[in-house]
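Trainee: I have a structure here, written as structure tokens, and I will follow up with some questions on it.
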Amino acid sequence: MSQRIENVLQEDRRFPPSEEFRAAARVGSEEEYRRLHQRSVEDPEGFWAEVARELPWIQPFETVLDWSEAPRARWFPDGKLNASAVCLDQHADGERAGKIAIHWEGEPGDTRSFTYRELRDEVARFANVLKARGIGKGDRVAIYMPMIPELAMAVLACARIGAIHSVVFGGFSAQALRDRIEDGDCCAVICADGGWRRGKVLPLKPEVDAACEGIASVHTVLTVRRTENEVGWTEGRDVWLHEALEGVTADCPPEPMGAEDTLFLLYTSGSTGKPKGIMHTTGGYMVGAYLSTRMVFDLREDDVYWCTADVGWITGHSYIVYGPLANGATQVMYEGAPNAPAEDRFWDLCERYGVTVFYTAPTAIRAFMKWGDEHVEKHDLSKLRLLGTVGEPINPEAWTWYRRVVGGDRCPIVDTWWQTETGGIMITPLPGCTDTKPGSATRPFFGVDAAILDEEGNELGANEGGFLAIRKPWPSMLRGIWGDEQRFKDTYWSKWTDGWTYFPGDGARRDEDGFYWILGRVDDVINVSGHRLSTMEIESSLVAHDAVVEAAVVGRPDDLTGEAIVAFVTTGGGVEPGDALRQGLLEHVATEIGKLARPAEIRFTDVLPKTRSGKIMRRLLRDIAAGRESSQDMSTIEDAGVLERLRKGE
Ligand code: 7RM
């Protein structure tokens, strides 16, 4: 009982899809969702085999799933395919040859577009350059680049020759890059001379040089020229891509890969210790990325899709590179910041390219809210038909703003819950059939057998907060942590004793309609006098107050109550932070949730510490609230100055 998370926030609004949207959607009725979902969990092998057969296999699979060595799953183990052929060749050699795959725009406003045939040829030449450097199947290649087309090409070129890519987000430090190169024992690094960010050139090559210093395994550093930036050069090791491409042909047949061959590693910073190299394989991952993109974004042939994530995160892997391209979609890719040169850059892009499906993160949505409606309203966004969000729980306040101001009260929102480890979207609305509720990721995707369990593994009832669990393997699930089998088992498969129920580390509740409400990481739950409260719900309540833009809630040790609630709050709308507002906020939380959820302390701040992918770093705030030195790995923090400012107390 005491393990449960209390459910304190009530959200009753519902937003059904319009009849028009429903009528044209891939899944347009409740009955159809139920039928398909039921089939997918009662006969997962039958369901996934059908989906998988929609992809072009080099050698068809006969076995669908081998779960005999759980938790290590093998999907389609006797099949062979190549991810770059799935993304490119099937379209380049078919009806989509002349269709635009990527409309790219640099921050300074320069543009490049690639049809599927052009992209395939670029990737094939890129792959030949890698081959000429002796890189081949199973080798690990680190990629450290800005959001330029060559980033997607580098990823696909690795996939084409069977090299395992390990993309490291271009904003990470030299040390973070070095750790990842060393852990993966990479033989090459692909980078650029720099990228554009907020009107300035962000140099990348010096970081690469520092990261590779003294690492014998790295025999090649391949650099893309983007900014004409001066770069250091190591003879023998360093190669310019444009020079290496001279005279290279586009004749590079895709390497036939076993479905269970590793496609990529992607590092996630765990709560403690060194980052985990999450391993994904080729067949299952592609099947998951393909189907989820198609269904969740309800993709149609003429859509112009834009996911604003960086390819350095899993969202960029699955929903910029592999999923949209596997579906033959046209997408927008943008290099720079959302406020460069002005706060309307995203909406300007949406208008000019006629974006129809737009996928972003709550942290961005809250920034747009703060910047003001006028930046959105200046632009014609009438082509938009669907909005998505991912990365954190989205508070109902930001959700309704997104729907009203960006979506013109017309576009459904898909709030998609998933992780680096799950490879693809797991809990999500299907936009043509789900009546959405602001703040809820709604229901499990096809093939996902989700549940809310207590500490002992008992399933909890409606509206009881507990641990989110996944009870069946799914194709795009992680296959391991690079070089650390034990950590893989301990982290994800040992919460319950059966050894095969997946533990994502998030708390959640399921309401009376079977809708899931993600309550945040279970390490973030606060225990006040025996009441286990989700930080997310208190934050949502604070953000619902007119003066609050963003809030982060943490617990600090308290002799009397066990833990006391500390809220870090950023304000907007011209309201002065101070005692009057503090009092107002306490009353607001007391009426919305109850006295028990009232913060013991409210600290106003101009910004919150976030990871580079935009997630609030509550662990760090916990240390600050308790006046402790932080044990956390700071290399993942977006703005290192935040810390000093918070410590000094506003
Ligand atoms: C895709 C991604 C995973 C963690 C996950 C959650 C949180 C992600 C949502 C969400 C509530 C969402 N991968 N999270 N999406 N929480 N609602 N729609 O972000 O590996 O970087 O992070 O992010 O806590 O466990 S990730």
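Starting from 1 in every chain, residues are counted up; chains themselves are A, B, ... following the order of the structure tokens, and ligands are numbered from 1 as listed.
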Give me the chain A side of the contact with ligand 1, cut-off 7 Å, one line per residue showing its nearest atom pair and distance in Å at one decimal, counting only C-alpha atoms and all ligand atoms, sorted by chain and residue number, as CSV.
Mentor:
```
residue,atom,partner,partner_atom_place_in_ligand_line,distance
A:Thr268,CA,ligand 1,20 (O),6.6
A:Trp313,CA,ligand 1,21 (O),6.8
A:Ile314,CA,ligand 1,13 (N),6.1
A:Thr315,CA,ligand 1,1 (C),5.4
A:Thr389,CA,ligand 1,18 (N),6.3
A:Val390,CA,ligand 1,15 (N),4.4
A:Gly391,CA,ligand 1,8 (C),3.5
A:Glu392,CA,ligand 1,10 (C),3.7
A:Pro393,CA,ligand 1,11 (C),3.3
A:Ile394,CA,ligand 1,17 (N),6.3
A:Asp415,CA,ligand 1,18 (N),4.9
A:Thr416,CA,ligand 1,18 (N),4.2
A:Trp417,CA,ligand 1,18 (N),3.6
A:Trp418,CA,ligand 1,1 (C),4.9
A:Gln419,CA,ligand 1,13 (N),3.5
A:Thr420,CA,ligand 1,20 (O),3.7
A:Glu421,CA,ligand 1,20 (O),6.4
A:Ala441,CA,ligand 1,18 (N),5.8
A:Pro504,CA,ligand 1,25 (O),6.0
A:Gly505,CA,ligand 1,25 (O),6.3
A:Asp506,CA,ligand 1,24 (O),5.5
A:Ile518,CA,ligand 1,11 (C),5.1
A:Gly520,CA,ligand 1,24 (O),5.1
A:Arg521,CA,ligand 1,24 (O),5.1
```
Trainee: May I have the residues from that selection written out with N, CA and C atoms, as a compact mmCIF listing (two decimals), in the first residue's frame?
Mentor:
```txt
# COMPACT_ATOMS: atom_id res chain seq x y z
N THR A 268 22.58 6.47 -23.13
CA THR A 268 21.70 7.25 -22.27
C THR A 268 22.41 7.41 -20.94
N TRP A 313 19.46 12.12 -30.52
CA TRP A 313 18.60 11.44 -29.53
C TRP A 313 17.84 10.32 -30.21
N ILE A 314 17.28 9.45 -29.41
CA ILE A 314 16.53 8.33 -30.00
C ILE A 314 15.37 8.85 -30.85
N THR A 315 14.77 9.98 -30.45
CA THR A 315 13.64 10.50 -31.23
C THR A 315 14.09 10.80 -32.66
N THR A 389 3.93 15.23 -29.31
CA THR A 389 4.85 15.64 -28.25
C THR A 389 5.51 14.40 -27.64
N VAL A 390 6.74 14.60 -27.17
CA VAL A 390 7.51 13.51 -26.59
C VAL A 390 8.63 14.04 -25.71
N GLY A 391 9.00 13.27 -24.70
CA GLY A 391 10.21 13.56 -23.92
C GLY A 391 9.97 13.71 -22.44
N GLU A 392 8.84 14.26 -22.07
CA GLU A 392 8.51 14.48 -20.67
C GLU A 392 6.99 14.44 -20.56
N PRO A 393 6.49 14.32 -19.33
CA PRO A 393 5.04 14.49 -19.19
C PRO A 393 4.70 15.91 -19.63
N ILE A 394 3.63 16.06 -20.40
CA ILE A 394 3.23 17.42 -20.77
C ILE A 394 2.10 17.84 -19.85
N ASP A 415 0.39 12.49 -27.70
CA ASP A 415 1.38 12.56 -26.62
C ASP A 415 1.97 11.16 -26.52
N THR A 416 3.22 11.01 -26.98
CA THR A 416 3.80 9.69 -27.18
C THR A 416 4.80 9.35 -26.08
N TRP A 417 4.51 8.31 -25.31
CA TRP A 417 5.45 7.88 -24.28
C TRP A 417 6.32 6.75 -24.81
N TRP A 418 7.62 6.90 -24.64
CA TRP A 418 8.57 5.84 -24.99
C TRP A 418 9.94 6.23 -24.51
N GLN A 419 10.93 5.40 -24.78
CA GLN A 419 12.28 5.60 -24.27
C GLN A 419 13.32 5.18 -25.30
N THR A 420 14.58 5.58 -25.05
CA THR A 420 15.69 5.10 -25.87
C THR A 420 15.62 3.57 -25.92
N GLU A 421 15.34 2.99 -24.78
CA GLU A 421 15.35 1.53 -24.63
C GLU A 421 14.22 0.86 -25.40
N ALA A 441 -0.90 10.10 -22.07
CA ALA A 441 -0.36 9.47 -23.28
C ALA A 441 -1.36 8.44 -23.82
N PRO A 504 10.40 0.10 -17.00
CA PRO A 504 10.94 1.31 -17.65
C PRO A 504 11.45 2.36 -16.66
N GLY A 505 11.11 2.21 -15.38
CA GLY A 505 11.56 3.21 -14.39
C GLY A 505 10.63 4.38 -14.22
N ASP A 506 9.47 4.33 -14.88
CA ASP A 506 8.49 5.41 -14.74
C ASP A 506 7.32 4.97 -13.87
N ILE A 518 1.37 9.18 -17.27
CA ILE A 518 2.75 8.96 -16.83
C ILE A 518 3.06 9.96 -15.71
N GLY A 520 6.07 10.36 -14.24
CA GLY A 520 7.50 10.72 -14.16
C GLY A 520 8.33 9.55 -13.65
N ARG A 521 9.63 9.80 -13.55
CA ARG A 521 10.56 8.75 -13.09
C ARG A 521 10.24 8.38 -11.65
```
Trainee: Among region 339-567 of chain A, which ones does DSSP assign to strand (DSSP E) (computed from the backbone)? Answer as a count of residues only.
Mentor: 56
Trainee: Identify which of the residues A:Gly439, A:Pro108, A:Pro473, A:Gly277 lies closest to Arg74 (chain A), counting only C-alpha atoms when measuring atom-to-atom distances.
Mentor: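 Closest to Arg74 (chain A) of all the choices is A:Pro473.
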Trainee: Using only C-alpha atoms, determine which residues lie at most 7 Å from Lys437 (chain A), disregarding the query and same-chain residues fewer than 3 positions distant; provide the list as a ChimeraX atom specification.
Mentor: /A:13-15,440
Trainee: What is the CA of Val376 (chain A) to CA of Trp347 (chain A) distance in Å?
Mentor: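 So the two atoms, CA of Val376 (chain A) and CA of Trp347 (chain A), lie 6.0 Å apart.
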Trainee: Give the answer as one residue: which of A:Trp67, A:Trp240, A:Phe126, A:Phe488 has the shortest atom-to-atom distance to Ile161 (chain A), using only C-alpha atoms?
Mentor: A:Phe126
Trainee: Nearest residue to His280 (chain A) out of A:Asn395, A:Thr422, A:Thr363, A:Gln10, using only C-alpha atoms?
Mentor: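 The closest residue to His280 (chain A) is A:Thr422.
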Trainee: Could you pull out the helix (DSSP H, G or I) residues of region 17-256 of chain A, going by DSSP on the backbone, and write them as an NGL selection string?
Mentor: :A and (19-24 or 30-42 or 44-52 or 83-92 or 116-132 or 149-161 or 174-184 or 205-212 or 241-244)
Trainee: For Arg510 (chain A), which of A:Leu533, A:Val414, A:Cys212, A:Leu460 is the closest residue, counting only C-alpha atoms?
Mentor: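 When distances to Arg510 (chain A) are compared using only C-alpha atoms, the smallest one comes from A:Leu460.
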Trainee: Which residue gives the smallest distance to Arg4 (chain A) among A:Met426, A:Val569, A:Ala508, A:Ala544, with only C-alpha atoms counted?
Mentor: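 Result for the nearest residue to Arg4 (chain A): A:Ala508.
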Trainee: Would you mind telling me which residue in A:Phe172, A:Glu6, A:Val231, A:Gly457 lies nearest to Met634 (chain A) when using only C-alpha atoms?
Mentor: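 Answer, going by the shortest atom-to-atom distance: A:Phe172.
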Trainee: Please compute the CA of Val141 (chain A)-CA of Leu65 (chain A) distance, one decimal, in Å.
Mentor: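 Between these atoms lies a distance of 28.8 Å.
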Trainee: For a test of reading the model, state the distance in Å between CA of Gly171 (chain A) and CA of Ser635 (chain A), rounded to one decimal.
Mentor: 9.8 Å
Trainee: Wanna dump the region 251-331 of chain A-region 156-159 of chain A contacts at 10 Å for me, each residue with its shortest atom pair and the distance in Å to one decimal, counting only C-alpha atoms, ordered by chain and number, as a Markdown table?
Mentor:
```
| residue | atom | partner | partner_atom | distance |
| --- | --- | --- | --- | --- |
| A:Cys252 | CA | A:Ala157 | CA | 9.7 |
| A:Pro254 | CA | A:Ala159 | CA | 8.3 |
| A:Glu255 | CA | A:Ala159 | CA | 8.3 |
| A:Met257 | CA | A:Ala159 | CA | 9.1 |
| A:Thr262 | CA | A:Ala159 | CA | 9.6 |
| A:Leu263 | CA | A:Ala159 | CA | 6.6 |
| A:Phe264 | CA | A:Ala159 | CA | 8.4 |
| A:Thr282 | CA | A:Ala159 | CA | 8.9 |
| A:Val321 | CA | A:Leu156 | CA | 8.1 |
| A:Tyr322 | CA | A:Leu156 | CA | 8.7 |
```
Trainee: Store the residues picked out above in a file with all heavy atoms, as a PDB file, in the first residue's frame.
Mentor:
```pdb
ATOM      1  N   CYS A 252      27.147   0.814 -54.454  1.00  0.00           N
ATOM      2  CA  CYS A 252      27.486   0.225 -53.157  1.00  0.00           C
ATOM      3  C   CYS A 252      26.299  -0.591 -52.685  1.00  0.00           C
ATOM      4  O   CYS A 252      25.413  -0.081 -52.003  1.00  0.00           O
ATOM      5  CB  CYS A 252      27.819   1.323 -52.142  1.00  0.00           C
ATOM      6  SG  CYS A 252      28.234   0.674 -50.511  1.00  0.00           S
ATOM      7  N   PRO A 254      23.761  -2.698 -50.664  1.00  0.00           N
ATOM      8  CA  PRO A 254      23.584  -2.800 -49.213  1.00  0.00           C
ATOM      9  C   PRO A 254      24.028  -4.163 -48.682  1.00  0.00           C
ATOM     10  O   PRO A 254      23.724  -5.193 -49.278  1.00  0.00           O
ATOM     11  CB  PRO A 254      22.089  -2.594 -49.012  1.00  0.00           C
ATOM     12  CG  PRO A 254      21.452  -2.671 -50.358  1.00  0.00           C
ATOM     13  CD  PRO A 254      22.503  -2.452 -51.375  1.00  0.00           C
ATOM     14  N   GLU A 255      24.742  -4.167 -47.584  1.00  0.00           N
ATOM     15  CA  GLU A 255      25.222  -5.403 -46.942  1.00  0.00           C
ATOM     16  C   GLU A 255      24.028  -6.185 -46.370  1.00  0.00           C
ATOM     17  O   GLU A 255      23.239  -5.631 -45.605  1.00  0.00           O
ATOM     18  CB  GLU A 255      26.170  -4.987 -45.806  1.00  0.00           C
ATOM     19  CG  GLU A 255      26.838  -6.103 -45.055  1.00  0.00           C
ATOM     20  CD  GLU A 255      27.952  -6.766 -45.852  1.00  0.00           C
ATOM     21  OE1 GLU A 255      28.580  -6.097 -46.700  1.00  0.00           O
ATOM     22  OE2 GLU A 255      28.169  -7.964 -45.613  1.00  0.00           O
ATOM     23  N   MET A 257      22.209  -7.949 -43.772  1.00  0.00           N
ATOM     24  CA  MET A 257      22.434  -8.042 -42.325  1.00  0.00           C
ATOM     25  C   MET A 257      21.443  -9.003 -41.699  1.00  0.00           C
ATOM     26  O   MET A 257      20.251  -8.996 -42.051  1.00  0.00           O
ATOM     27  CB  MET A 257      22.249  -6.665 -41.674  1.00  0.00           C
ATOM     28  CG  MET A 257      23.185  -5.588 -42.198  1.00  0.00           C
ATOM     29  SD  MET A 257      24.924  -5.919 -41.854  1.00  0.00           S
ATOM     30  CE  MET A 257      24.966  -5.624 -40.089  1.00  0.00           C
ATOM     31  N   THR A 262      23.517  -5.982 -34.752  1.00  0.00           N
ATOM     32  CA  THR A 262      23.346  -4.668 -34.131  1.00  0.00           C
ATOM     33  C   THR A 262      23.356  -3.563 -35.182  1.00  0.00           C
ATOM     34  O   THR A 262      24.249  -3.512 -36.026  1.00  0.00           O
ATOM     35  CB  THR A 262      24.470  -4.431 -33.095  1.00  0.00           C
ATOM     36  OG1 THR A 262      24.403  -5.489 -32.141  1.00  0.00           O
ATOM     37  CG2 THR A 262      24.303  -3.101 -32.384  1.00  0.00           C
ATOM     38  N   LEU A 263      22.346  -2.704 -35.119  1.00  0.00           N
ATOM     39  CA  LEU A 263      22.259  -1.567 -36.038  1.00  0.00           C
ATOM     40  C   LEU A 263      22.960  -0.357 -35.430  1.00  0.00           C
ATOM     41  O   LEU A 263      23.679   0.363 -36.101  1.00  0.00           O
ATOM     42  CB  LEU A 263      20.787  -1.250 -36.325  1.00  0.00           C
ATOM     43  CG  LEU A 263      20.494  -0.037 -37.212  1.00  0.00           C
ATOM     44  CD1 LEU A 263      21.079  -0.199 -38.612  1.00  0.00           C
ATOM     45  CD2 LEU A 263      18.975   0.191 -37.320  1.00  0.00           C
ATOM     46  N   PHE A 264      22.695  -0.125 -34.127  1.00  0.00           N
ATOM     47  CA  PHE A 264      23.347   1.023 -33.503  1.00  0.00           C
ATOM     48  C   PHE A 264      23.429   0.897 -31.993  1.00  0.00           C
ATOM     49  O   PHE A 264      22.731   0.092 -31.371  1.00  0.00           O
ATOM     50  CB  PHE A 264      22.646   2.337 -33.885  1.00  0.00           C
ATOM     51  CG  PHE A 264      21.226   2.510 -33.381  1.00  0.00           C
ATOM     52  CD1 PHE A 264      20.961   3.020 -32.107  1.00  0.00           C
ATOM     53  CD2 PHE A 264      20.140   2.199 -34.198  1.00  0.00           C
ATOM     54  CE1 PHE A 264      19.659   3.223 -31.661  1.00  0.00           C
ATOM     55  CE2 PHE A 264      18.829   2.386 -33.758  1.00  0.00           C
ATOM     56  CZ  PHE A 264      18.590   2.899 -32.488  1.00  0.00           C
ATOM     57  N   THR A 282      18.695  -4.823 -36.095  1.00  0.00           N
ATOM     58  CA  THR A 282      18.232  -4.299 -37.376  1.00  0.00           C
ATOM     59  C   THR A 282      16.747  -4.588 -37.668  1.00  0.00           C
ATOM     60  O   THR A 282      15.974  -3.671 -37.938  1.00  0.00           O
ATOM     61  CB  THR A 282      19.105  -4.890 -38.514  1.00  0.00           C
ATOM     62  OG1 THR A 282      20.481  -4.669 -38.174  1.00  0.00           O
ATOM     63  CG2 THR A 282      18.809  -4.224 -39.841  1.00  0.00           C
ATOM     64  N   VAL A 321      15.236   9.691 -38.962  1.00  0.00           N
ATOM     65  CA  VAL A 321      15.935   8.844 -39.931  1.00  0.00           C
ATOM     66  C   VAL A 321      15.102   7.616 -40.302  1.00  0.00           C
ATOM     67  O   VAL A 321      14.555   7.527 -41.414  1.00  0.00           O
ATOM     68  CB  VAL A 321      17.330   8.416 -39.412  1.00  0.00           C
ATOM     69  CG1 VAL A 321      18.026   7.537 -40.459  1.00  0.00           C
ATOM     70  CG2 VAL A 321      18.195   9.643 -39.119  1.00  0.00           C
ATOM     71  N   TYR A 322      14.995   6.668 -39.400  1.00  0.00           N
ATOM     72  CA  TYR A 322      14.514   5.356 -39.840  1.00  0.00           C
ATOM     73  C   TYR A 322      13.004   5.246 -40.115  1.00  0.00           C
ATOM     74  O   TYR A 322      12.613   4.671 -41.126  1.00  0.00           O
ATOM     75  CB  TYR A 322      14.965   4.284 -38.838  1.00  0.00           C
ATOM     76  CG  TYR A 322      16.467   4.060 -38.887  1.00  0.00           C
ATOM     77  CD1 TYR A 322      17.299   4.423 -37.827  1.00  0.00           C
ATOM     78  CD2 TYR A 322      17.065   3.495 -40.013  1.00  0.00           C
ATOM     79  CE1 TYR A 322      18.679   4.222 -37.874  1.00  0.00           C
ATOM     80  CE2 TYR A 322      18.441   3.295 -40.080  1.00  0.00           C
ATOM     81  CZ  TYR A 322      19.243   3.651 -39.000  1.00  0.00           C
ATOM     82  OH  TYR A 322      20.602   3.454 -39.064  1.00  0.00           O
TER      83      TYR A 322
END
```
Trainee: Quick one: residues within 8 Å of Trp474 (chain A), only C-alpha atoms, excluding same-chain residues fewer than 3 positions away - as JSON, numbers by chain?
Mentor: {"A": [284, 447, 448, 477]}
Trainee: Could those selected residues go to a file with all heavy atoms, as a PDB file, in the first residue's frame?
Mentor:
```pdb
ATOM      1  N   GLY A 284      13.965  -6.027 -35.918  1.00  0.00           N
ATOM      2  CA  GLY A 284      12.897  -5.633 -35.007  1.00  0.00           C
ATOM      3  C   GLY A 284      12.790  -4.120 -34.898  1.00  0.00           C
ATOM      4  O   GLY A 284      11.691  -3.559 -34.926  1.00  0.00           O
ATOM      5  N   GLY A 447       0.845  -4.272 -29.974  1.00  0.00           N
ATOM      6  CA  GLY A 447       1.891  -5.176 -29.497  1.00  0.00           C
ATOM      7  C   GLY A 447       2.387  -4.864 -28.105  1.00  0.00           C
ATOM      8  O   GLY A 447       3.230  -5.587 -27.579  1.00  0.00           O
ATOM      9  N   VAL A 448       1.890  -3.788 -27.510  1.00  0.00           N
ATOM     10  CA  VAL A 448       2.391  -3.394 -26.197  1.00  0.00           C
ATOM     11  C   VAL A 448       1.410  -3.859 -25.115  1.00  0.00           C
ATOM     12  O   VAL A 448       0.250  -3.451 -25.090  1.00  0.00           O
ATOM     13  CB  VAL A 448       2.599  -1.865 -26.113  1.00  0.00           C
ATOM     14  CG1 VAL A 448       3.024  -1.458 -24.704  1.00  0.00           C
ATOM     15  CG2 VAL A 448       3.620  -1.420 -27.158  1.00  0.00           C
ATOM     16  N   MET A 477      12.489  -3.482 -29.012  1.00  0.00           N
ATOM     17  CA  MET A 477      13.057  -3.399 -27.664  1.00  0.00           C
ATOM     18  C   MET A 477      14.581  -3.446 -27.703  1.00  0.00           C
ATOM     19  O   MET A 477      15.179  -3.987 -28.621  1.00  0.00           O
ATOM     20  CB  MET A 477      12.544  -4.553 -26.799  1.00  0.00           C
ATOM     21  CG  MET A 477      13.042  -5.914 -27.244  1.00  0.00           C
ATOM     22  SD  MET A 477      12.038  -7.264 -26.584  1.00  0.00           S
ATOM     23  CE  MET A 477      12.511  -7.260 -24.873  1.00  0.00           C
TER      24      MET A 477
END
```
Trainee: Which residues are near Gly258 (chain A)? Cut-off 7 Å, only C-alpha atoms, ignore same chain within fewer than 4 positions. Put them as a CSV table (one decimal) with N, CA and C atoms, in the first residue's frame.
Mentor:
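Heads up, here's the output in selection-v7.csv:
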```csv
chain,number,residue,atom,x,y,z
A,77,PRO,N,14.9,-13.9,-36.4
A,77,PRO,CA,16.4,-14.2,-36.4
A,77,PRO,C,17.0,-14.8,-37.6
A,78,ASP,N,16.2,-15.5,-38.4
A,78,ASP,CA,16.8,-16.1,-39.6
A,78,ASP,C,16.6,-15.2,-40.9
A,79,GLY,N,16.0,-14.0,-40.7
A,79,GLY,CA,15.8,-13.1,-41.9
A,79,GLY,C,17.0,-12.2,-42.1
A,80,LYS,N,17.2,-11.7,-43.3
A,80,LYS,CA,18.3,-10.8,-43.6
A,80,LYS,C,17.7,-9.5,-44.3
A,81,LEU,N,18.2,-8.4,-43.9
A,81,LEU,CA,17.7,-7.1,-44.5
A,81,LEU,C,18.8,-6.1,-44.3
```
Trainee: Do you know which residues are at most 8 Å from region 151-155 of chain A counting only C-alpha atoms, after dropping those on the same chain fewer than 4 positions away, and could you put them as a list in words?
Mentor: Leu119, Glu122, Val123, Phe126, Ala127, Ile143, Met145, Pro146, Met147, Ala159, His165, Val167, Ile190, Val311 and Val321 of chain A
Trainee: Do a neighbour search on Glu576 (chain A) at 12 Å with only C-alpha atoms, toss out local chain neighbours closer than 4 positions, and write the hits as a ChimeraX atom specification.
Mentor: /A:547-548,570-572,580-582,604-606
